[in-house]
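Below is the file start39.cif, which contains mmCIF, C-alpha atoms.
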data_input
#
loop_
_atom_site.label_atom_id
_atom_site.label_comp_id
_atom_site.auth_asym_id
_atom_site.auth_seq_id
_atom_site.Cartn_x
_atom_site.Cartn_y
_atom_site.Cartn_z
CA MET K 596 58.51 -78.94 -56.52
CA LYS K 597 62.12 -80.09 -56.17
CA LEU K 598 65.32 -78.58 -54.84
CA LEU K 599 68.55 -78.69 -56.84
CA THR K 600 71.85 -78.85 -54.94
CA ILE K 601 74.97 -78.06 -56.95
CA ASP K 602 78.10 -78.92 -54.98
CA ASP K 603 81.25 -80.88 -55.74
CA SER K 604 81.12 -82.30 -52.22
CA ARG K 605 79.08 -85.48 -52.10
CA THR K 606 78.85 -84.98 -48.34
CA ILE K 607 77.14 -81.61 -48.68
CA ARG K 608 74.82 -82.89 -51.41
CA ARG K 609 73.77 -85.75 -49.14
CA VAL K 610 73.30 -83.42 -46.15
CA ILE K 611 71.10 -81.10 -48.20
CA SER K 612 69.20 -84.05 -49.66
CA GLY K 613 68.51 -85.23 -46.12
CA ILE K 614 67.26 -81.81 -45.05
CA GLY K 615 65.13 -81.56 -48.19
CA ALA K 616 63.61 -84.97 -47.50
CA MET K 617 62.90 -83.93 -43.92
CA LEU K 618 60.97 -80.95 -45.33
CA GLY K 619 59.14 -83.13 -47.83
CA PHE K 620 61.06 -82.14 -50.96
CA GLU K 621 62.82 -84.34 -53.47
CA VAL K 622 66.36 -83.07 -54.07
CA LEU K 623 68.12 -83.25 -57.43
CA GLU K 624 71.92 -83.34 -57.29
CA ALA K 625 74.64 -82.01 -59.58
CA GLU K 626 78.36 -82.31 -58.81
CA ASN K 627 79.41 -79.36 -60.96
CA GLY K 628 78.10 -76.44 -62.99
CA MET K 629 78.04 -78.23 -66.34
CA VAL K 630 76.00 -81.13 -64.99
CA ALA K 631 73.64 -78.63 -63.34
CA LEU K 632 73.05 -76.70 -66.55
CA GLU K 633 72.38 -79.93 -68.46
CA LEU K 634 69.92 -80.94 -65.76
CA LEU K 635 68.19 -77.56 -65.92
CA GLU K 636 67.83 -77.90 -69.71
CA LYS K 637 65.67 -80.96 -69.12
CA ARG K 638 64.01 -80.40 -65.77
CA ALA K 639 64.00 -76.69 -64.93
CA ASP K 640 60.22 -76.69 -64.60
CA GLU K 641 60.51 -79.06 -61.63
CA VAL K 642 63.06 -76.97 -59.73
CA GLY K 643 61.77 -74.56 -57.09
CA LEU K 644 65.09 -73.62 -55.49
CA ILE K 645 68.76 -73.98 -56.39
CA LEU K 646 71.34 -74.38 -53.61
CA LEU K 647 74.68 -73.47 -55.13
CA ASP K 648 78.26 -73.91 -53.94
CA TRP K 649 80.86 -71.30 -54.90
CA ASN K 650 84.17 -73.15 -55.19
CA MET K 651 83.85 -76.01 -57.66
CA PRO K 652 86.20 -77.42 -60.28
CA GLY K 653 85.50 -76.00 -63.74
CA MET K 654 82.70 -73.45 -63.68
CA ASN K 655 82.47 -71.77 -60.27
CA GLY K 656 79.24 -70.97 -58.48
CA LEU K 657 79.19 -67.32 -59.51
CA GLU K 658 79.48 -68.31 -63.17
CA VAL K 659 76.65 -70.82 -62.77
CA LEU K 660 74.55 -68.17 -61.02
CA LYS K 661 75.10 -65.71 -63.88
CA LYS K 662 74.14 -68.37 -66.45
CA VAL K 663 70.95 -69.16 -64.55
CA LYS K 664 69.99 -65.53 -64.08
CA SER K 665 70.61 -64.64 -67.73
CA HIS K 666 68.40 -67.49 -69.00
CA GLU K 667 64.92 -66.56 -70.13
CA VAL K 668 63.23 -69.38 -68.21
CA TRP K 669 65.62 -70.30 -65.40
CA LYS K 670 66.03 -66.73 -64.10
CA SER K 671 62.84 -67.02 -62.08
CA ILE K 672 64.25 -69.89 -59.99
CA PRO K 673 65.52 -68.56 -56.65
CA VAL K 674 69.17 -69.33 -55.93
CA MET K 675 70.73 -69.68 -52.48
CA MET K 676 74.52 -69.69 -52.29
CA VAL K 677 75.79 -72.36 -49.86
CA THR K 678 79.50 -71.86 -49.46
CA THR K 679 82.56 -71.58 -47.24
CA GLU K 680 83.18 -68.11 -48.71
CA GLY K 681 81.90 -65.81 -46.00
CA GLU K 682 83.55 -62.53 -46.87
CA ARG K 683 81.54 -59.41 -47.64
CA ASP K 684 82.87 -59.10 -51.21
CA TYR K 685 81.64 -62.58 -52.09
CA ILE K 686 78.21 -61.94 -50.59
CA ILE K 687 77.85 -58.66 -52.49
CA GLN K 688 78.91 -60.29 -55.78
CA ALA K 689 76.38 -63.08 -55.30
CA ILE K 690 73.51 -60.77 -54.40
CA GLN K 691 74.34 -58.47 -57.31
CA ALA K 692 74.33 -61.50 -59.64
CA GLY K 693 70.86 -62.47 -58.46
CA ALA K 694 71.22 -64.81 -55.47
CA CYS K 695 68.30 -64.42 -53.08
CA HIS K 696 69.98 -65.96 -50.02
CA TYR K 697 73.53 -66.59 -48.86
CA GLN K 698 74.31 -69.39 -46.40
CA THR K 699 77.85 -70.01 -45.19
CA LYS K 700 79.17 -73.42 -44.16
CA PRO K 701 79.14 -74.80 -41.55
CA PHE K 702 75.40 -74.77 -40.93
CA SER K 703 73.09 -76.73 -38.69
CA GLN K 704 70.26 -78.79 -40.16
CA GLU K 705 67.71 -76.54 -38.45
CA GLU K 706 69.36 -73.42 -39.81
CA MET K 707 69.43 -74.74 -43.37
CA ALA K 708 65.87 -76.02 -43.16
CA ALA K 709 64.69 -72.57 -42.07
CA ARG K 710 66.63 -70.88 -44.88
CA ILE K 711 65.16 -73.21 -47.48
CA MET K 712 61.62 -72.54 -46.31
CA GLU K 713 62.34 -68.82 -46.26
CA ALA K 714 63.79 -68.91 -49.78
CA LEU K 715 60.71 -70.77 -51.00
CA GLY K 716 58.50 -68.15 -49.42
CA LEU K 717 57.03 -70.68 -47.04
CA GLY K 718 58.10 -68.93 -43.83
CA GLY K 719 60.01 -70.44 -40.93
CA ILE K 720 59.59 -73.95 -39.62
CA MET Q 323 104.90 -79.45 -26.98
CA SER Q 324 106.58 -77.82 -24.00
CA GLU Q 325 108.61 -75.40 -26.14
CA ARG Q 326 106.92 -72.03 -26.42
CA VAL Q 327 105.94 -71.10 -29.99
CA ILE Q 328 106.27 -67.44 -30.93
CA LEU Q 329 103.66 -66.43 -33.51
CA ASN Q 330 103.66 -63.46 -35.83
CA GLU Q 331 100.49 -61.42 -36.33
CA ILE Q 332 99.20 -63.27 -39.38
CA GLN Q 333 99.87 -66.67 -37.79
CA GLU Q 334 97.91 -65.58 -34.71
CA LYS Q 335 94.96 -64.48 -36.86
CA LEU Q 336 95.09 -67.64 -38.91
CA LEU Q 337 95.14 -69.94 -35.90
CA ALA Q 338 92.41 -67.98 -34.14
CA GLY Q 339 90.29 -68.21 -37.30
CA LEU Q 340 90.88 -71.94 -37.61
CA HIS Q 341 90.13 -72.57 -33.96
CA ALA Q 342 86.90 -70.55 -34.10
CA THR Q 343 85.77 -72.31 -37.27
CA LEU Q 344 86.47 -75.74 -35.80
CA ASP Q 345 84.56 -74.79 -32.64
CA GLN Q 346 81.61 -73.59 -34.74
CA MET Q 347 81.67 -76.65 -36.94
CA MET Q 348 81.80 -79.10 -34.07
CA ALA Q 349 79.04 -77.22 -32.24
CA THR Q 350 76.66 -76.83 -35.17
CA GLU Q 351 77.26 -79.92 -37.28
CA THR Q 352 78.57 -82.63 -35.00
CA MET Q 353 77.53 -81.35 -31.58
CA GLU Q 354 80.76 -82.75 -30.19
CA ALA Q 355 82.76 -80.90 -27.54
CA ILE Q 356 86.46 -80.41 -28.23
CA SER Q 357 89.31 -78.93 -26.21
CA LEU Q 358 92.67 -77.55 -27.27
CA GLN Q 359 95.48 -79.71 -25.89
CA GLY Q 360 98.54 -77.91 -27.22
CA MET Q 361 100.45 -76.31 -30.04
CA GLU Q 362 103.78 -77.09 -31.65
CA GLN Q 363 105.81 -75.92 -34.60
CA ARG Q 364 107.30 -78.20 -37.25
CA SER Q 365 109.61 -77.58 -40.16
CA GLU Q 366 107.46 -79.61 -42.58
CA PHE Q 367 103.78 -80.01 -43.34
CA ILE Q 368 103.19 -83.70 -42.68
CA LEU Q 369 99.94 -85.70 -42.72
CA ASP Q 370 100.96 -88.90 -40.95
CA ASP Q 371 97.74 -90.09 -39.31
CA GLU Q 372 95.38 -92.56 -40.94
CA VAL Q 373 93.13 -89.77 -42.23
CA GLY Q 374 94.25 -86.39 -43.54
CA GLY Q 375 93.13 -83.52 -45.70
CA LEU Q 376 94.46 -80.20 -46.89
CA VAL Q 377 93.54 -77.07 -48.81
CA ARG Q 378 96.02 -74.60 -50.25
CA PHE Q 379 95.29 -70.89 -50.31
CA TYR Q 380 97.06 -68.28 -52.38
CA GLY Q 381 96.73 -64.56 -52.92
CA ALA Q 382 98.77 -61.48 -53.67
CA VAL Q 383 99.99 -61.13 -50.09
CA HIS Q 384 99.53 -64.46 -48.36
CA GLU Q 385 99.76 -68.08 -49.34
CA GLY Q 386 99.87 -71.28 -47.38
CA MET Q 387 98.17 -74.51 -46.49
CA VAL Q 388 95.64 -75.70 -43.95
CA GLY Q 389 95.28 -79.35 -43.06
CA VAL Q 390 93.63 -81.78 -40.71
CA SER Q 391 95.14 -85.03 -39.51
CA THR Q 392 93.47 -87.59 -37.30
CA SER Q 393 92.67 -91.22 -36.65
CA ARG Q 394 90.01 -93.13 -38.53
CA PRO Q 395 87.67 -93.36 -35.47
CA VAL Q 396 87.66 -89.56 -35.09
CA ALA Q 397 87.12 -89.01 -38.82
CA VAL Q 398 84.34 -91.59 -38.90
CA ALA Q 399 82.64 -89.97 -35.90
CA ILE Q 400 82.74 -86.51 -37.49
CA VAL Q 401 81.57 -87.65 -40.93
CA SER Q 402 78.88 -89.82 -39.36
CA GLN Q 403 77.50 -86.79 -37.52
CA LEU Q 404 77.80 -84.61 -40.61
CA LEU Q 405 75.80 -87.03 -42.72
CA GLY Q 406 73.44 -88.19 -40.01
CA LEU Q 407 74.33 -91.79 -40.83
CA PRO Q 408 75.47 -94.59 -38.52
CA SER Q 409 79.24 -94.99 -38.66
CA ALA Q 410 78.84 -98.62 -39.73
CA ASN Q 411 77.19 -97.43 -42.94
CA LEU Q 412 80.11 -95.24 -44.00
CA GLU Q 413 82.38 -96.36 -46.79
CA LYS Q 414 85.92 -95.21 -47.51
CA GLU Q 415 84.59 -92.81 -50.15
CA ASP Q 416 82.34 -91.19 -47.55
CA ILE Q 417 85.31 -90.63 -45.24
CA LEU Q 418 87.40 -89.19 -48.08
CA ASP Q 419 84.68 -86.79 -49.20
CA GLY Q 420 83.71 -85.86 -45.64
CA VAL Q 421 87.28 -85.05 -44.63
CA ALA Q 422 87.76 -83.05 -47.83
CA GLU Q 423 84.67 -81.02 -46.97
CA LEU Q 424 85.81 -80.64 -43.35
CA VAL Q 425 89.13 -79.11 -44.37
CA ASN Q 426 87.41 -77.01 -47.03
CA ILE Q 427 85.06 -75.52 -44.42
CA LEU Q 428 87.95 -74.97 -41.99
CA CYS Q 429 90.04 -73.14 -44.58
CA GLY Q 430 87.09 -71.07 -45.80
CA GLY Q 431 86.16 -70.06 -42.26
CA MET Q 432 89.76 -69.28 -41.42
CA LYS Q 433 90.10 -67.10 -44.51
CA ALA Q 434 87.02 -65.05 -43.65
CA ARG Q 435 87.92 -64.69 -39.96
CA ALA Q 436 91.64 -63.98 -40.40
CA GLY Q 437 91.03 -61.21 -42.93
CA LEU Q 438 93.66 -62.50 -45.34
CA GLY Q 439 92.38 -60.28 -48.15
CA PRO Q 440 91.75 -61.64 -51.65
CA VAL Q 441 92.76 -65.28 -51.39
CA THR Q 442 91.82 -68.21 -53.60
CA LEU Q 443 91.28 -71.68 -52.17
CA SER Q 444 92.37 -74.83 -53.98
CA SER Q 445 90.14 -77.85 -54.24
CA PRO Q 446 90.53 -79.95 -51.10
CA VAL Q 447 92.66 -83.10 -51.00
CA ALA Q 448 91.89 -86.01 -48.68
CA ILE Q 449 93.96 -89.06 -47.81
CA VAL Q 450 92.82 -92.22 -46.04
CA GLY Q 451 95.17 -95.11 -45.40
CA ARG Q 452 97.21 -96.63 -42.64
CA GLU Q 453 100.42 -96.83 -44.64
CA VAL Q 454 100.26 -93.33 -46.10
CA THR Q 455 102.40 -90.42 -44.98
CA ALA Q 456 102.27 -87.23 -47.05
CA VAL Q 457 104.89 -84.50 -46.73
CA TRP Q 458 104.89 -81.05 -48.32
CA LYS Q 459 108.10 -79.04 -48.38
CA THR Q 460 107.24 -75.47 -47.50
CA SER Q 461 109.36 -72.39 -46.93
CA LYS Q 462 107.31 -71.51 -43.85
CA PRO Q 463 107.05 -73.51 -40.62
CA THR Q 464 103.93 -75.52 -39.93
CA LEU Q 465 101.93 -74.81 -36.79
CA VAL Q 466 100.07 -77.75 -35.33
CA LEU Q 467 97.13 -77.41 -32.94
CA THR Q 468 96.09 -80.61 -31.18
CA PHE Q 469 92.49 -80.94 -30.00
CA GLN Q 470 90.95 -83.68 -27.93
CA THR Q 471 87.60 -84.95 -29.17
CA GLY Q 472 85.36 -87.58 -27.65
CA HIS Q 473 86.91 -90.17 -29.97
CA GLY Q 474 90.59 -89.17 -29.78
CA PRO Q 475 92.95 -86.41 -30.90
CA LEU Q 476 92.46 -84.24 -33.97
CA ARG Q 477 95.27 -82.08 -35.31
CA LEU Q 478 94.95 -78.90 -37.34
CA LEU Q 479 97.97 -77.86 -39.38
CA ALA Q 480 98.61 -74.41 -40.78
CA SER Q 481 101.50 -73.06 -42.78
CA VAL Q 482 101.51 -69.39 -43.81
#

Could you spell out this file's structure in structure tokens?
Amino acid sequence: MKLLTIDDSRTIRRVISGIGAMLGFEVLEAENGMVALELLEKRADEVGLILLDWNMPGMNGLEVLKKVKSHEVWKSIPVMMVTTEGERDYIIQAIQAGACHYQTKPFSQEEMAARIMEALGLGGI
Amino acid sequence: MSERVILNEIQEKLLAGLHATLDQMMATETMEAISLQGMEQRSEFILDDEVGGLVRFYGAVHEGMVGVSTSRPVAVAIVSQLLGLPSANLEKEDILDGVAELVNILCGGMKARAGLGPVTLSSPVAIVGREVTAVWKTSKPTLVLTFQTGHGPLRLLASV
């Protein structure tokens, strides 16, 4: 099982890849929504969790989330929003669109690791 | 620095939100202690250190800019901690992307804490270079908070 991080920030993708590696997961990376959807077309069966930024050039995270959750196959993949947007309205929109977890930036490595395990149904670390 | 700066209510909220977000970020991601050294007001939004970044925000009621300006050693130390990589392994692209993400997180945290209402954030911009000075003409004054980090000063700029 792999994680998929979708974030226009290379820094965040590398941080999440490092945390994923620490937990024993390979992490696939996409720098925007279009690249992520193309990747899912080919490799959705490998992806166990999507970690999704909100503010990205082109398609934003909410639009990507809605695409994923309206897809016959992809909709079963849990999605965690990982974003600077911490206001209630954003959280409600994401949960209503099908996100299972919502993590605001900044986050510690320990915090993110615990959230990933929780989202995968593997409990805390 | 010695001149007292009078803030309006929204400026106070914005600066408090920025300060709290920076504190949280340094504590959780870089584990580096920082202290506020002072505040000043400028007529222009200028990034004149070796490393800078900014995000614009705009909504129906409020619009403005948030920026960060610092030396390369401070930026390298922060990005190094963020990525968990030795500073010697960082390339210019890492610094650019790391500073862009830093200012993005600061502006996002400020927005949520200051209660600015519906506000959209621009994509972040980052600048690295010794000979670069970037100036934005704004109708509002720019407030500058100077923090001391373990590697030197870091300045937060806010115009609203």

(65.6, -80.3, -49.1) in this file's frame - what residues fall within 10 Å of it? Use all atoms listed in the file and give the answer as a ChimeraX atom specification.
/K:597-600,608-623,644,646,707-708,711-712

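Counting all atoms listed in the file and comparing Q:Glu331, Q:Asp345, Q:Asp370, Q:Glu362, the residue that lies closest to chain K is Q:Asp345.
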
List every residue of chain K that has an atom at most 9 Å from any atom of chain Q, giving for each one its closest atom pair and the distance in Å to one decimal, counting only C-alpha atoms, sorted by chain and then by ascending residue number, as a tab-separated table.
residue	atom	partner	partner_atom	distance
K:Ser604	CA	Q:Glu423	CA	6.5
K:Arg605	CA	Q:Asp419	CA	6.4
K:Thr606	CA	Q:Gly420	CA	5.6
K:Ile607	CA	Q:Glu423	CA	7.7
K:Arg609	CA	Q:Leu405	CA	6.9
K:Val610	CA	Q:Leu405	CA	5.6
K:Gly613	CA	Q:Leu405	CA	8.2
K:Asn650	CA	Q:Ser445	CA	7.7
K:Met651	CA	Q:Ser445	CA	7.4
K:Pro652	CA	Q:Ser445	CA	7.2
K:Thr678	CA	Q:Ile427	CA	8.3
K:Thr679	CA	Q:Gly430	CA	4.8
K:Glu680	CA	Q:Gly430	CA	5.7
K:Gly681	CA	Q:Ala434	CA	5.7
K:Glu682	CA	Q:Ala434	CA	5.4
K:Arg683	CA	Q:Ala434	CA	8.8
K:Thr699	CA	Q:Gly431	CA	8.8
K:Lys700	CA	Q:Ile427	CA	6.3
K:Pro701	CA	Q:Met347	CA	5.6
K:Phe702	CA	Q:Thr350	CA	6.2
K:Ser703	CA	Q:Thr350	CA	5.0
K:Gln704	CA	Q:Glu351	CA	7.7

I'd like the neighbourhood of range 453-457 of chain Q as a PDB file with C-alpha atoms, in the frame of the given file, where a residue qualifies if any of its atoms comes within 9 Å (using only C-alpha atoms), though same-chain residues fewer than 4 positions away should be ignored.
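File written: around02.pdb
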ATOM      1  CA  GLU Q 366     107.460 -79.610 -42.580  1.00  0.00           C
ATOM      2  CA  PHE Q 367     103.780 -80.010 -43.340  1.00  0.00           C
ATOM      3  CA  ILE Q 368     103.190 -83.700 -42.680  1.00  0.00           C
ATOM      4  CA  LEU Q 369      99.940 -85.700 -42.720  1.00  0.00           C
ATOM      5  CA  ASP Q 370     100.960 -88.900 -40.950  1.00  0.00           C
ATOM      6  CA  ASP Q 371      97.740 -90.090 -39.310  1.00  0.00           C
ATOM      7  CA  GLU Q 372      95.380 -92.560 -40.940  1.00  0.00           C
ATOM      8  CA  VAL Q 373      93.130 -89.770 -42.230  1.00  0.00           C
ATOM      9  CA  GLY Q 374      94.250 -86.390 -43.540  1.00  0.00           C
ATOM     10  CA  ILE Q 449      93.960 -89.060 -47.810  1.00  0.00           C
TER      11      ILE Q 449
END

Run through the PyMOL selection byres ((chain Q and resi 337) around 10) on the given coordinates and return the selected residues as a PyMOL selection string.
chain Q and resi 329+332-336+338-343+388+432+435-436+465-467+478-481

Could you tell me how far CA of Phe469 in chain Q lies from CA of Arg394 in chain Q, in Å and to one decimal?
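Separation of CA of Phe469 in chain Q and CA of Arg394 in chain Q: 15.1 Å.
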
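Going from CA of Arg638 in chain K over to CA of Ala692 in chain K, you cover 22.4 Å.
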
Would you work out the distance separating CA of Val663 in chain K from CA of Gly718 in chain K, expressed in Å to one decimal?
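Computing it gives 24.4 Å between the two atoms.
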
Closest of K:Asp648, K:Glu658, K:Leu717, K:Asp640 to Ile672 in chain K, counting only C-alpha atoms, is K:Asp640

Might I get the box with edges along x, y and z of the file that holds all atoms of range 642-652 of chain K listed there, padded by 3 Å on every side, given as centre and edge lengths in Å to one decimal, as AutoDock Vina command-line options?
--center_x 74.0 --center_y -74.4 --center_z -56.9 --size_x 30.4 --size_y 12.1 --size_z 12.7

Selection result of the PyMOL selection byres ((chain Q and resi 395) around 12) on this file, as JSON, numbers by chain:
{"Q": [371, 372, 373, 391, 392, 393, 394, 396, 397, 398, 399, 400, 401, 402, 409, 410, 412, 417, 450, 471, 472, 473, 474, 475, 476]}

Within 7 Å of (68.4, -67.9, -46.7) in the file's own coordinates, which protein, DNA or RNA residues have an atom, counting all atoms listed in the file? List them as a ChimeraX atom specification.
/K:675,696-698,710-711,713-714

Taking 6 positions as the minimum chain separation for residues in the same chain, which residues sit within 7 Å of Pro673 in chain K when counting only C-alpha atoms? Answer as a PyMOL selection string.
chain K and resi 644-645+694-695

Keeping only C-alpha atoms, write those residues as a compact mmCIF listing (two decimals), in the coordinates of the input.
# COMPACT_ATOMS: atom_id res chain seq x y z
CA LEU K 644 65.09 -73.62 -55.49
CA ILE K 645 68.76 -73.98 -56.39
CA ALA K 694 71.22 -64.81 -55.47
CA CYS K 695 68.30 -64.42 -53.08

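For Gln470 in chain Q, the non-local neighbours within 10 Å, defined as residues at least 6 positions apart in the same chain or in other chains and counting only C-alpha atoms, are Ala355, Ile356, Ser357, Leu358, Gln359, Gly360, Val396, Leu476 and Arg477 of chain Q.
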
Model the absent atoms of range 653-683 of chain K so that N, CA and C atoms are present, and write the result as a PDB file, in the frame of the given file.
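Okay, this is what ended up in rebuild.pdb:
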ATOM      1  N   GLY K 653      86.142 -76.446 -62.503  1.00  0.00           N
ATOM      2  CA  GLY K 653      85.500 -76.000 -63.740  1.00  0.00           C
ATOM      3  C   GLY K 653      84.762 -74.692 -63.499  1.00  0.00           C
ATOM      4  N   MET K 654      83.503 -74.663 -63.858  1.00  0.00           N
ATOM      5  CA  MET K 654      82.700 -73.450 -63.680  1.00  0.00           C
ATOM      6  C   MET K 654      82.433 -73.210 -62.192  1.00  0.00           C
ATOM      7  N   ASN K 655      82.743 -72.006 -61.696  1.00  0.00           N
ATOM      8  CA  ASN K 655      82.470 -71.770 -60.270  1.00  0.00           C
ATOM      9  C   ASN K 655      81.011 -71.359 -60.067  1.00  0.00           C
ATOM     10  N   GLY K 656      80.636 -71.244 -58.805  1.00  0.00           N
ATOM     11  CA  GLY K 656      79.240 -70.970 -58.480  1.00  0.00           C
ATOM     12  C   GLY K 656      78.748 -69.641 -59.019  1.00  0.00           C
ATOM     13  N   LEU K 657      79.602 -68.638 -59.004  1.00  0.00           N
ATOM     14  CA  LEU K 657      79.190 -67.320 -59.510  1.00  0.00           C
ATOM     15  C   LEU K 657      78.900 -67.403 -61.011  1.00  0.00           C
ATOM     16  N   GLU K 658      79.715 -68.147 -61.726  1.00  0.00           N
ATOM     17  CA  GLU K 658      79.480 -68.310 -63.170  1.00  0.00           C
ATOM     18  C   GLU K 658      78.179 -69.055 -63.428  1.00  0.00           C
ATOM     19  N   VAL K 659      77.917 -70.074 -62.630  1.00  0.00           N
ATOM     20  CA  VAL K 659      76.650 -70.820 -62.770  1.00  0.00           C
ATOM     21  C   VAL K 659      75.478 -69.887 -62.474  1.00  0.00           C
ATOM     22  N   LEU K 660      75.613 -69.117 -61.406  1.00  0.00           N
ATOM     23  CA  LEU K 660      74.550 -68.170 -61.020  1.00  0.00           C
ATOM     24  C   LEU K 660      74.254 -67.204 -62.164  1.00  0.00           C
ATOM     25  N   LYS K 661      75.296 -66.672 -62.779  1.00  0.00           N
ATOM     26  CA  LYS K 661      75.100 -65.710 -63.880  1.00  0.00           C
ATOM     27  C   LYS K 661      74.428 -66.375 -65.077  1.00  0.00           C
ATOM     28  N   LYS K 662      74.791 -67.627 -65.349  1.00  0.00           N
ATOM     29  CA  LYS K 662      74.140 -68.370 -66.450  1.00  0.00           C
ATOM     30  C   LYS K 662      72.655 -68.536 -66.160  1.00  0.00           C
ATOM     31  N   VAL K 663      72.356 -68.917 -64.926  1.00  0.00           N
ATOM     32  CA  VAL K 663      70.950 -69.160 -64.550  1.00  0.00           C
ATOM     33  C   VAL K 663      70.150 -67.856 -64.658  1.00  0.00           C
ATOM     34  N   LYS K 664      70.732 -66.786 -64.138  1.00  0.00           N
ATOM     35  CA  LYS K 664      69.990 -65.530 -64.080  1.00  0.00           C
ATOM     36  C   LYS K 664      69.916 -64.811 -65.423  1.00  0.00           C
ATOM     37  N   SER K 665      70.700 -65.257 -66.407  1.00  0.00           N
ATOM     38  CA  SER K 665      70.610 -64.640 -67.730  1.00  0.00           C
ATOM     39  C   SER K 665      69.742 -65.486 -68.679  1.00  0.00           C
ATOM     40  N   HIS K 666      69.230 -66.598 -68.179  1.00  0.00           N
ATOM     41  CA  HIS K 666      68.400 -67.490 -69.000  1.00  0.00           C
ATOM     42  C   HIS K 666      66.937 -67.044 -68.931  1.00  0.00           C
ATOM     43  N   GLU K 667      66.298 -67.056 -70.051  1.00  0.00           N
ATOM     44  CA  GLU K 667      64.920 -66.560 -70.130  1.00  0.00           C
ATOM     45  C   GLU K 667      63.975 -67.277 -69.166  1.00  0.00           C
ATOM     46  N   VAL K 668      64.138 -68.576 -69.034  1.00  0.00           N
ATOM     47  CA  VAL K 668      63.230 -69.380 -68.210  1.00  0.00           C
ATOM     48  C   VAL K 668      63.779 -69.582 -66.790  1.00  0.00           C
ATOM     49  N   TRP K 669      65.035 -69.931 -66.691  1.00  0.00           N
ATOM     50  CA  TRP K 669      65.620 -70.300 -65.400  1.00  0.00           C
ATOM     51  C   TRP K 669      65.732 -69.115 -64.426  1.00  0.00           C
ATOM     52  N   LYS K 670      65.750 -67.893 -64.964  1.00  0.00           N
ATOM     53  CA  LYS K 670      66.030 -66.730 -64.100  1.00  0.00           C
ATOM     54  C   LYS K 670      65.021 -66.553 -62.974  1.00  0.00           C
ATOM     55  N   SER K 671      63.850 -67.173 -63.142  1.00  0.00           N
ATOM     56  CA  SER K 671      62.840 -67.020 -62.080  1.00  0.00           C
ATOM     57  C   SER K 671      63.069 -67.992 -60.916  1.00  0.00           C
ATOM     58  N   ILE K 672      63.993 -68.927 -61.086  1.00  0.00           N
ATOM     59  CA  ILE K 672      64.250 -69.890 -59.990  1.00  0.00           C
ATOM     60  C   ILE K 672      65.138 -69.210 -58.935  1.00  0.00           C
ATOM     61  N   PRO K 673      64.680 -69.170 -57.685  1.00  0.00           N
ATOM     62  CA  PRO K 673      65.520 -68.560 -56.650  1.00  0.00           C
ATOM     63  C   PRO K 673      66.797 -69.381 -56.409  1.00  0.00           C
ATOM     64  N   VAL K 674      67.879 -68.670 -56.148  1.00  0.00           N
ATOM     65  CA  VAL K 674      69.170 -69.330 -55.930  1.00  0.00           C
ATOM     66  C   VAL K 674      69.724 -68.921 -54.562  1.00  0.00           C
ATOM     67  N   MET K 675      70.064 -69.923 -53.761  1.00  0.00           N
ATOM     68  CA  MET K 675      70.730 -69.680 -52.480  1.00  0.00           C
ATOM     69  C   MET K 675      72.179 -70.167 -52.594  1.00  0.00           C
ATOM     70  N   MET K 676      73.117 -69.268 -52.317  1.00  0.00           N
ATOM     71  CA  MET K 676      74.520 -69.690 -52.290  1.00  0.00           C
ATOM     72  C   MET K 676      74.757 -70.437 -50.978  1.00  0.00           C
ATOM     73  N   VAL K 677      75.452 -71.556 -51.056  1.00  0.00           N
ATOM     74  CA  VAL K 677      75.790 -72.360 -49.860  1.00  0.00           C
ATOM     75  C   VAL K 677      77.278 -72.628 -49.960  1.00  0.00           C
ATOM     76  N   THR K 678      78.076 -71.893 -49.189  1.00  0.00           N
ATOM     77  CA  THR K 678      79.500 -71.860 -49.460  1.00  0.00           C
ATOM     78  C   THR K 678      80.349 -71.597 -48.225  1.00  0.00           C
ATOM     79  N   THR K 679      81.623 -71.926 -48.324  1.00  0.00           N
ATOM     80  CA  THR K 679      82.560 -71.580 -47.240  1.00  0.00           C
ATOM     81  C   THR K 679      83.003 -70.128 -47.349  1.00  0.00           C
ATOM     82  N   GLU K 680      82.730 -69.496 -48.484  1.00  0.00           N
ATOM     83  CA  GLU K 680      83.180 -68.110 -48.710  1.00  0.00           C
ATOM     84  C   GLU K 680      82.270 -67.152 -47.954  1.00  0.00           C
ATOM     85  N   GLY K 681      82.763 -66.638 -46.824  1.00  0.00           N
ATOM     86  CA  GLY K 681      81.900 -65.810 -46.000  1.00  0.00           C
ATOM     87  C   GLY K 681      82.243 -64.334 -45.997  1.00  0.00           C
ATOM     88  N   GLU K 682      83.143 -63.935 -46.887  1.00  0.00           N
ATOM     89  CA  GLU K 682      83.550 -62.530 -46.870  1.00  0.00           C
ATOM     90  C   GLU K 682      82.544 -61.634 -47.584  1.00  0.00           C
ATOM     91  N   ARG K 683      82.507 -60.391 -47.146  1.00  0.00           N
ATOM     92  CA  ARG K 683      81.540 -59.410 -47.640  1.00  0.00           C
ATOM     93  C   ARG K 683      81.555 -59.300 -49.172  1.00  0.00           C
TER      94      ARG K 683
END
